[in-house]
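Below is entry07.txt, which holds compact mmCIF, C-alpha atoms.
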```txt
# COMPACT_ATOMS: atom_id res chain seq x y z
CA MET O 1 81.32 32.21 19.01
CA THR O 2 78.29 31.93 16.73
CA LEU O 3 75.42 30.57 18.80
CA ALA O 4 72.24 28.68 17.87
CA PHE O 5 69.45 27.85 20.30
CA VAL O 6 67.67 24.63 19.33
CA PHE O 7 64.41 23.33 20.76
CA PRO O 8 63.39 19.66 21.15
CA GLY O 9 60.31 17.90 19.81
CA GLN O 10 57.94 15.17 20.90
CA GLY O 11 59.57 12.26 22.67
CA SER O 12 61.52 14.51 25.04
CA GLN O 13 58.68 14.52 27.58
CA ALA O 14 59.03 12.69 30.90
CA VAL O 15 57.15 12.83 34.19
CA GLY O 16 58.95 15.30 36.42
CA MET O 17 59.82 17.64 33.55
CA GLY O 18 60.10 21.26 34.60
CA ALA O 19 60.03 20.46 38.33
CA GLU O 20 63.54 21.73 39.09
CA LEU O 21 62.88 24.88 37.08
CA PHE O 22 59.60 25.48 38.93
CA ASP O 23 61.19 24.98 42.34
CA THR O 24 64.27 27.11 41.60
CA PHE O 25 63.15 30.05 39.45
CA ALA O 26 60.15 32.35 39.83
CA THR O 27 60.59 33.15 36.13
CA ALA O 28 59.87 29.53 35.24
CA ARG O 29 56.87 29.39 37.58
CA ASP O 30 55.41 32.37 35.74
CA VAL O 31 55.78 30.53 32.41
CA PHE O 32 54.11 27.35 33.64
CA ASN O 33 51.28 29.31 35.28
CA GLU O 34 50.71 31.32 32.10
CA VAL O 35 50.52 28.15 30.00
CA ASP O 36 48.04 26.60 32.45
CA GLU O 37 45.90 29.73 32.28
CA ALA O 38 46.02 29.88 28.48
CA LEU O 39 44.93 26.24 28.17
CA GLY O 40 42.43 26.27 31.01
CA GLN O 41 43.97 23.13 32.50
CA LYS O 42 46.55 22.18 35.11
CA LEU O 43 49.14 21.01 32.59
CA PHE O 44 52.10 21.59 34.89
CA ALA O 45 50.60 19.21 37.47
CA ILE O 46 50.57 16.50 34.77
CA MET O 47 54.14 17.40 33.79
CA ARG O 48 55.36 17.19 37.36
CA ASP O 49 53.36 14.28 38.72
CA GLY O 50 51.88 12.41 35.76
CA PRO O 51 50.24 10.06 35.13
CA GLU O 52 52.56 9.24 32.24
CA ASP O 53 49.76 8.20 29.91
CA GLN O 54 48.25 11.68 30.25
CA LEU O 55 51.56 13.42 29.65
CA THR O 56 52.30 11.38 26.53
CA LEU O 57 48.97 12.33 24.93
CA THR O 58 49.99 14.39 21.93
CA GLU O 59 47.74 17.30 22.93
CA ASN O 60 49.51 17.50 26.32
CA ALA O 61 53.06 16.55 25.34
CA GLN O 62 53.37 19.26 22.69
CA PRO O 63 52.53 22.30 24.86
CA ALA O 64 54.37 20.73 27.81
CA ILE O 65 57.65 20.40 25.90
CA MET O 66 57.25 23.95 24.61
CA ALA O 67 56.57 25.27 28.12
CA VAL O 68 59.83 23.83 29.44
CA SER O 69 61.79 25.23 26.49
CA VAL O 70 60.33 28.72 26.91
CA ALA O 71 60.86 28.54 30.68
CA VAL O 72 64.56 27.82 30.05
CA SER O 73 64.75 30.66 27.54
CA ARG O 74 63.20 33.16 29.95
CA VAL O 75 65.31 32.01 32.90
CA LEU O 76 68.43 32.49 30.79
CA GLU O 77 67.28 36.02 29.95
CA LYS O 78 65.90 37.22 33.28
CA ASP O 79 68.17 35.36 35.69
CA PHE O 80 71.41 35.06 33.71
CA GLY O 81 71.26 37.99 31.29
CA ILE O 82 71.30 35.83 28.13
CA SER O 83 68.44 36.84 25.83
CA CYS O 84 67.23 34.78 22.90
CA ALA O 85 68.69 37.49 20.66
CA ALA O 86 72.15 36.44 21.93
CA ALA O 87 71.73 33.49 19.58
CA LYS O 88 72.19 34.43 15.94
CA TYR O 89 69.98 31.49 14.97
CA VAL O 90 67.10 29.48 16.41
CA ALA O 91 65.57 26.22 15.18
CA GLY O 92 63.31 23.54 16.58
CA HIS O 93 62.52 19.92 15.78
CA SER O 94 58.88 19.55 14.67
CA LEU O 95 56.81 21.07 17.51
CA GLY O 96 60.11 22.59 18.69
CA GLU O 97 59.80 25.04 15.80
CA TYR O 98 56.86 26.56 17.70
CA SER O 99 59.06 26.74 20.82
CA ALA O 100 61.70 28.56 18.77
CA HIS O 101 59.08 31.03 17.56
CA ALA O 102 57.80 31.60 21.10
CA ALA O 103 61.31 32.11 22.51
CA ALA O 104 62.16 34.50 19.66
CA GLY O 105 58.97 36.51 20.19
CA THR O 106 57.18 35.53 16.95
CA PHE O 107 54.14 34.33 18.92
CA SER O 108 53.02 35.11 22.44
CA LEU O 109 53.44 32.31 24.96
CA ALA O 110 49.66 31.97 25.38
CA ASP O 111 49.08 31.76 21.63
CA THR O 112 51.85 29.19 21.24
CA ALA O 113 50.37 27.00 23.97
CA ARG O 114 46.92 27.12 22.38
CA LEU O 115 48.33 26.46 18.90
CA LEU O 116 50.20 23.38 20.11
CA LYS O 117 47.20 22.06 22.03
CA LEU O 118 45.16 22.33 18.84
CA ARG O 119 48.02 20.89 16.75
CA GLY O 120 48.12 17.80 18.94
CA GLN O 121 44.36 17.37 18.84
CA ALA O 122 44.18 17.96 15.08
CA MET O 123 46.95 15.46 14.37
CA GLN O 124 45.15 12.85 16.43
CA ARG O 125 41.85 13.54 14.67
CA ALA O 126 43.38 13.37 11.19
CA THR O 127 43.44 9.56 10.99
CA PRO O 128 41.54 6.84 12.89
CA LEU O 129 43.59 5.11 15.58
CA GLY O 130 45.47 2.13 14.16
CA VAL O 131 45.36 3.24 10.52
CA GLY O 132 48.75 4.94 10.53
CA ALA O 133 52.19 4.14 11.90
CA MET O 134 55.74 5.45 12.10
CA ALA O 135 59.03 3.56 12.16
CA ALA O 136 62.66 4.42 12.77
CA LEU O 137 65.28 3.21 10.32
CA ILE O 138 68.68 3.11 12.01
CA GLY O 139 72.19 1.83 11.52
CA LYS O 140 73.09 1.93 7.83
CA ALA O 141 70.01 4.00 7.04
CA ASP O 142 70.51 6.99 4.76
CA LEU O 143 68.18 8.97 2.53
CA ALA O 144 68.71 6.74 -0.50
CA LEU O 145 67.96 3.59 1.50
CA ALA O 146 64.92 5.19 3.15
CA GLU O 147 63.56 6.36 -0.20
CA ALA O 148 64.01 2.86 -1.64
CA ALA O 149 62.23 1.38 1.37
CA CYS O 150 59.34 3.84 1.02
CA GLU O 151 59.07 3.08 -2.69
CA ALA O 152 58.71 -0.60 -1.88
CA GLY O 153 56.25 0.09 0.92
CA SER O 154 54.08 2.30 -1.28
CA ALA O 155 52.69 -0.85 -2.87
CA ALA O 156 50.53 -1.09 0.28
CA GLY O 157 49.67 2.62 0.63
CA VAL O 158 51.16 6.00 1.53
CA VAL O 159 54.56 5.93 3.23
CA VAL O 160 57.10 8.77 3.24
CA ILE O 161 60.22 10.00 5.03
CA ALA O 162 58.96 12.00 8.02
CA ASN O 163 62.18 12.94 9.85
CA ASP O 164 65.68 13.08 8.43
CA ASN O 165 67.28 13.31 11.87
CA ASN O 166 70.94 12.46 11.24
CA ALA O 167 73.07 9.91 9.44
CA GLY O 168 71.83 6.52 10.58
CA GLN O 169 68.47 7.70 11.93
CA ILE O 170 65.54 8.32 9.61
CA VAL O 171 61.85 8.08 10.53
CA ILE O 172 59.18 7.03 8.06
CA SER O 173 55.43 7.54 8.35
CA GLY O 174 52.21 6.54 6.63
CA VAL O 175 49.61 3.80 6.39
CA LYS O 176 50.51 1.01 8.83
CA GLN O 177 50.75 -1.78 6.26
CA ALA O 178 52.90 0.38 3.99
CA VAL O 179 55.24 1.32 6.86
CA GLU O 180 55.60 -2.35 7.84
CA LEU O 181 56.43 -3.28 4.25
CA ALA O 182 58.97 -0.44 4.05
CA VAL O 183 60.63 -1.65 7.25
CA GLU O 184 61.03 -5.12 5.78
CA LYS O 185 62.61 -3.65 2.67
CA ALA O 186 64.95 -1.50 4.77
CA LYS O 187 66.11 -4.62 6.63
CA GLU O 188 66.80 -6.33 3.31
CA LEU O 189 68.94 -3.32 2.35
CA GLY O 190 71.02 -3.56 5.54
CA ALA O 191 69.34 -1.15 7.96
CA LYS O 192 67.57 -1.88 11.21
CA GLY O 193 63.94 -0.88 11.55
CA MET O 194 61.43 -0.69 14.36
CA LEU O 195 57.88 0.57 14.69
CA LEU O 196 57.50 3.53 17.04
CA ASN O 197 54.96 3.82 19.84
CA VAL O 198 53.07 6.80 18.42
CA SER O 199 49.37 7.46 18.02
CA ALA O 200 49.32 8.88 14.48
CA PRO O 201 51.39 9.04 11.25
CA PHE O 202 52.92 12.47 11.81
CA HIS O 203 54.62 14.41 8.98
CA SER O 204 52.88 12.46 6.24
CA PRO O 205 50.16 13.32 3.70
CA LEU O 206 47.67 11.60 6.03
CA MET O 207 47.95 14.70 8.24
CA GLU O 208 46.40 17.01 5.61
CA PRO O 209 43.20 17.62 7.66
CA ALA O 210 45.40 18.76 10.58
CA ALA O 211 47.35 21.07 8.28
CA GLU O 212 44.14 22.83 7.26
CA GLU O 213 43.12 23.24 10.91
CA MET O 214 46.48 24.81 11.67
CA ARG O 215 46.18 27.19 8.71
CA GLU O 216 42.91 28.50 10.12
CA ALA O 217 44.32 28.81 13.65
CA LEU O 218 47.54 30.54 12.58
CA ALA O 219 45.53 33.11 10.62
CA LYS O 220 44.04 34.31 13.91
CA VAL O 221 47.25 34.99 15.87
CA THR O 222 49.63 37.94 15.84
CA ILE O 223 52.94 37.18 14.12
CA ASN O 224 56.00 39.29 14.94
CA PRO O 225 59.47 39.25 13.36
CA PRO O 226 61.60 36.74 15.31
CA ALA O 227 64.47 38.18 17.34
CA SER O 228 66.91 35.70 15.79
CA ILE O 229 67.24 34.10 12.35
CA LEU O 230 64.89 31.12 12.37
CA VAL O 231 65.66 28.03 10.28
CA ALA O 232 62.49 26.22 9.20
CA ASN O 233 62.04 22.43 9.26
CA VAL O 234 60.58 21.96 5.80
CA THR O 235 63.15 24.06 3.93
CA ALA O 236 66.27 23.70 6.11
CA ALA O 237 66.73 27.39 5.35
CA PRO O 238 66.15 30.69 7.15
CA VAL O 239 62.77 32.38 7.26
CA THR O 240 63.32 35.70 5.51
CA ASP O 241 59.87 37.25 5.89
CA THR O 242 57.11 36.95 8.49
CA SER O 243 54.64 36.36 5.65
CA GLN O 244 56.27 32.94 5.17
CA ILE O 245 55.77 31.72 8.73
CA THR O 246 52.18 30.48 8.49
CA ASP O 247 52.81 28.64 5.23
CA LEU O 248 55.98 26.99 6.57
CA LEU O 249 54.26 25.81 9.76
CA VAL O 250 51.28 24.48 7.79
CA ARG O 251 53.58 22.61 5.38
CA GLN O 252 55.45 21.21 8.38
CA VAL O 253 52.40 19.19 9.50
CA THR O 254 52.53 16.99 6.41
CA GLY O 255 56.14 17.61 5.34
CA ARG O 256 59.54 16.23 6.16
CA VAL O 257 61.48 17.49 9.19
CA ARG O 258 64.84 18.19 7.53
CA TRP O 259 66.82 18.32 10.76
CA ARG O 260 70.11 16.92 9.46
CA GLU O 261 70.14 19.46 6.65
CA SER O 262 69.15 22.26 9.04
CA VAL O 263 72.07 21.56 11.36
CA GLN O 264 74.41 21.18 8.40
CA TRP O 265 73.30 24.56 7.08
CA LEU O 266 73.76 26.16 10.48
CA ALA O 267 77.21 24.66 10.92
CA ALA O 268 78.38 25.52 7.40
CA LYS O 269 81.40 27.80 7.43
CA GLU O 270 80.03 29.76 4.47
CA SER O 271 76.32 30.26 5.03
CA GLU O 272 74.56 33.10 3.23
CA ASN O 273 74.23 34.96 6.53
CA GLY O 274 77.96 34.79 7.20
CA GLY O 275 79.78 32.25 9.34
CA GLY O 276 78.76 28.90 10.70
CA VAL O 277 77.42 28.06 14.14
CA THR O 278 80.14 27.10 16.60
CA THR O 279 77.86 26.32 19.58
CA PHE O 280 74.49 24.56 19.62
CA ALA O 281 72.58 25.00 22.88
CA GLU O 282 69.49 22.83 23.38
CA LEU O 283 66.87 24.59 25.50
CA GLY O 284 64.32 22.41 27.22
CA ALA O 285 63.72 18.84 28.27
CA GLY O 286 66.31 16.15 27.62
CA LYS O 287 69.36 15.94 25.37
CA VAL O 288 68.04 14.41 22.14
CA LEU O 289 69.05 17.28 19.86
CA THR O 290 72.43 17.61 21.58
CA GLY O 291 73.26 14.05 20.60
CA MET O 292 72.13 14.70 17.04
CA SER O 293 74.16 17.90 16.76
CA LYS O 294 77.28 16.11 17.94
CA ARG O 295 76.86 13.55 15.18
CA ILE O 296 75.93 16.00 12.42
CA ALA O 297 78.37 18.80 13.31
CA PRO O 298 81.15 17.25 15.44
CA GLU O 299 83.35 20.33 15.02
CA ALA O 300 80.84 22.47 16.94
CA VAL O 301 80.21 22.51 20.69
CA SER O 302 76.80 21.05 21.63
CA VAL O 303 75.31 21.49 25.11
CA ALA O 304 71.95 20.75 26.73
CA LEU O 305 70.58 23.42 29.08
CA ASN O 306 68.16 21.69 31.44
CA GLY O 307 68.79 23.14 34.91
CA ALA O 308 70.57 25.65 37.12
CA ALA O 309 74.01 24.03 36.94
CA ASP O 310 73.80 23.97 33.13
CA PHE O 311 72.79 27.63 33.02
CA GLU O 312 75.65 28.72 35.29
CA ALA O 313 78.22 26.81 33.29
CA PHE O 314 76.84 28.17 30.01
CA ALA O 315 76.83 31.75 31.27
CA ALA O 316 80.44 31.36 32.40
CA SER O 317 81.42 29.96 28.98
CA LEU O 318 79.99 33.03 27.24
CA LYS O 319 82.14 35.30 29.43
CA ALA O 320 85.33 33.27 28.93
```
Will you turn the file into structure tokens for me?
Amino acid sequence: MTLAFVFPGQGSQAVGMGAELFDTFATARDVFNEVDEALGQKLFAIMRDGPEDQLTLTENAQPAIMAVSVAVSRVLEKDFGISCAAAKYVAGHSLGEYSAHAAAGTFSLADTARLLKLRGQAMQRATPLGVGAMAALIGKADLALAEAACEAGSAAGVVVIANDNNAGQIVISGVKQAVELAVEKAKELGAKGMLLNVSAPFHSPLMEPAAEEMREALAKVTINPPASILVANVTAAPVTDTSQITDLLVRQVTGRVRWRESVQWLAAKESENGGGVTTFAELGAGKVLTGMSKRIAPEAVSVALNGAADFEAFAASLKA
């Protein structure tokens, strides 16, 4: 077995997240308490009890999703004897890349929580509310169709591919009028398109002010070599030197999340690091990445590790 731990991004949040972990494992309680202390707020109370509109605020959703992912990682290590280093590779979708770094020991948990709080705030500040938008292109959507749609939409302003998630699911981002025009073009080309309920045009050039804020913040934290090979969003390739990490995370704010390519690279039978991933384990809230992995790499096993029953079954599978 060649194992990859993958970590979900924004959209995986839901009221009640982390509650089972908190109630079942002291290890998880320690994680949630440490995040609360680092942020100086009762984030876990919002995660557990809502209200939903507070949880979905970008500045809360990002550290909350990370906290659940790291809680799962630490429970696996301390309660089931499965360390992050048991995975040859780690990767995360958008903010999930920070979760991957935290789980792999690149950043401390407290620093990661503060970085993601700032990231959410900076992304929201980057453009006035209502100026930007994002849309999902689904069905017959592929990169060529999405690029053609964005080219048509660019007549009204900036619009780019933000997330290449998997075949048939591509997200575009930019100025609202340009995104709307691109959606219309995508429909003409045979895809389905729908505007997403988001507060800012993430992963687009409009996020440049947020990228600069993150560069300054990342310069102030300690960066350690990750315990596993980390595959970065913007390159769909492994990080080979810690000196690259800040630049890659800064570029990620405005750049494309190349998730489909990342999973394809991981699953490739002849990767430069020898052997493809045979098992993708999603650590954290929900099962979004598990569904994507099944579509991108159907020959691999994909599992979501959300609670105690999942952990027990996963631990047993590693011993089989």
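The space separating atom CA of O:Arg74 from atom CA of O:Leu3 comes to 16.7 Å.
Residues in contact with stretch 21-31 of chain O at up to 7 Å, not including ones fewer than 5 positions away on its chain and judged by all atoms listed in the file, are Ala67, Ala71, Arg74, Val75 and Gly307 of chain O.
If all atoms listed in the file are the atoms counted, then among O:Val35, O:Cys84, O:Gln264, O:Ala14 the closest residue to O:Gly105 is O:Cys84.
Atom pair atom CA of O:Ala45 / atom CA of O:Gln124 has a distance of 22.6 Å (rounded to one decimal).
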Restricting to only C-alpha atoms, whichever of O:Val158, O:Val131, O:Leu196, O:Leu116 is closest to O:Ser99 is O:Leu116
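Across O:Trp259, O:Phe80, O:Phe202, O:Tyr89, the tightest approach to O:Met134 is made by O:Phe202 when counting only C-alpha atoms.
Computed from the coordinates, the atom CA of O:Ala19 to atom CA of O:Phe44 distance equals 8.7 Å.
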Starting from the point (49.5, 8.3, 8.3), work out which residues of protein, DNA or RNA have an atom no more than 12 Å away when counting only C-alpha atoms; state them as a PyMOL selection string.
chain O and resi 123-135+157-162+172-179+198-210+253-255
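Candidate residues O:Glu97, O:Glu212, O:Glu188, O:Glu151 were compared for distance to O:Leu230, and the nearest is O:Glu97, using all atoms listed in the file.
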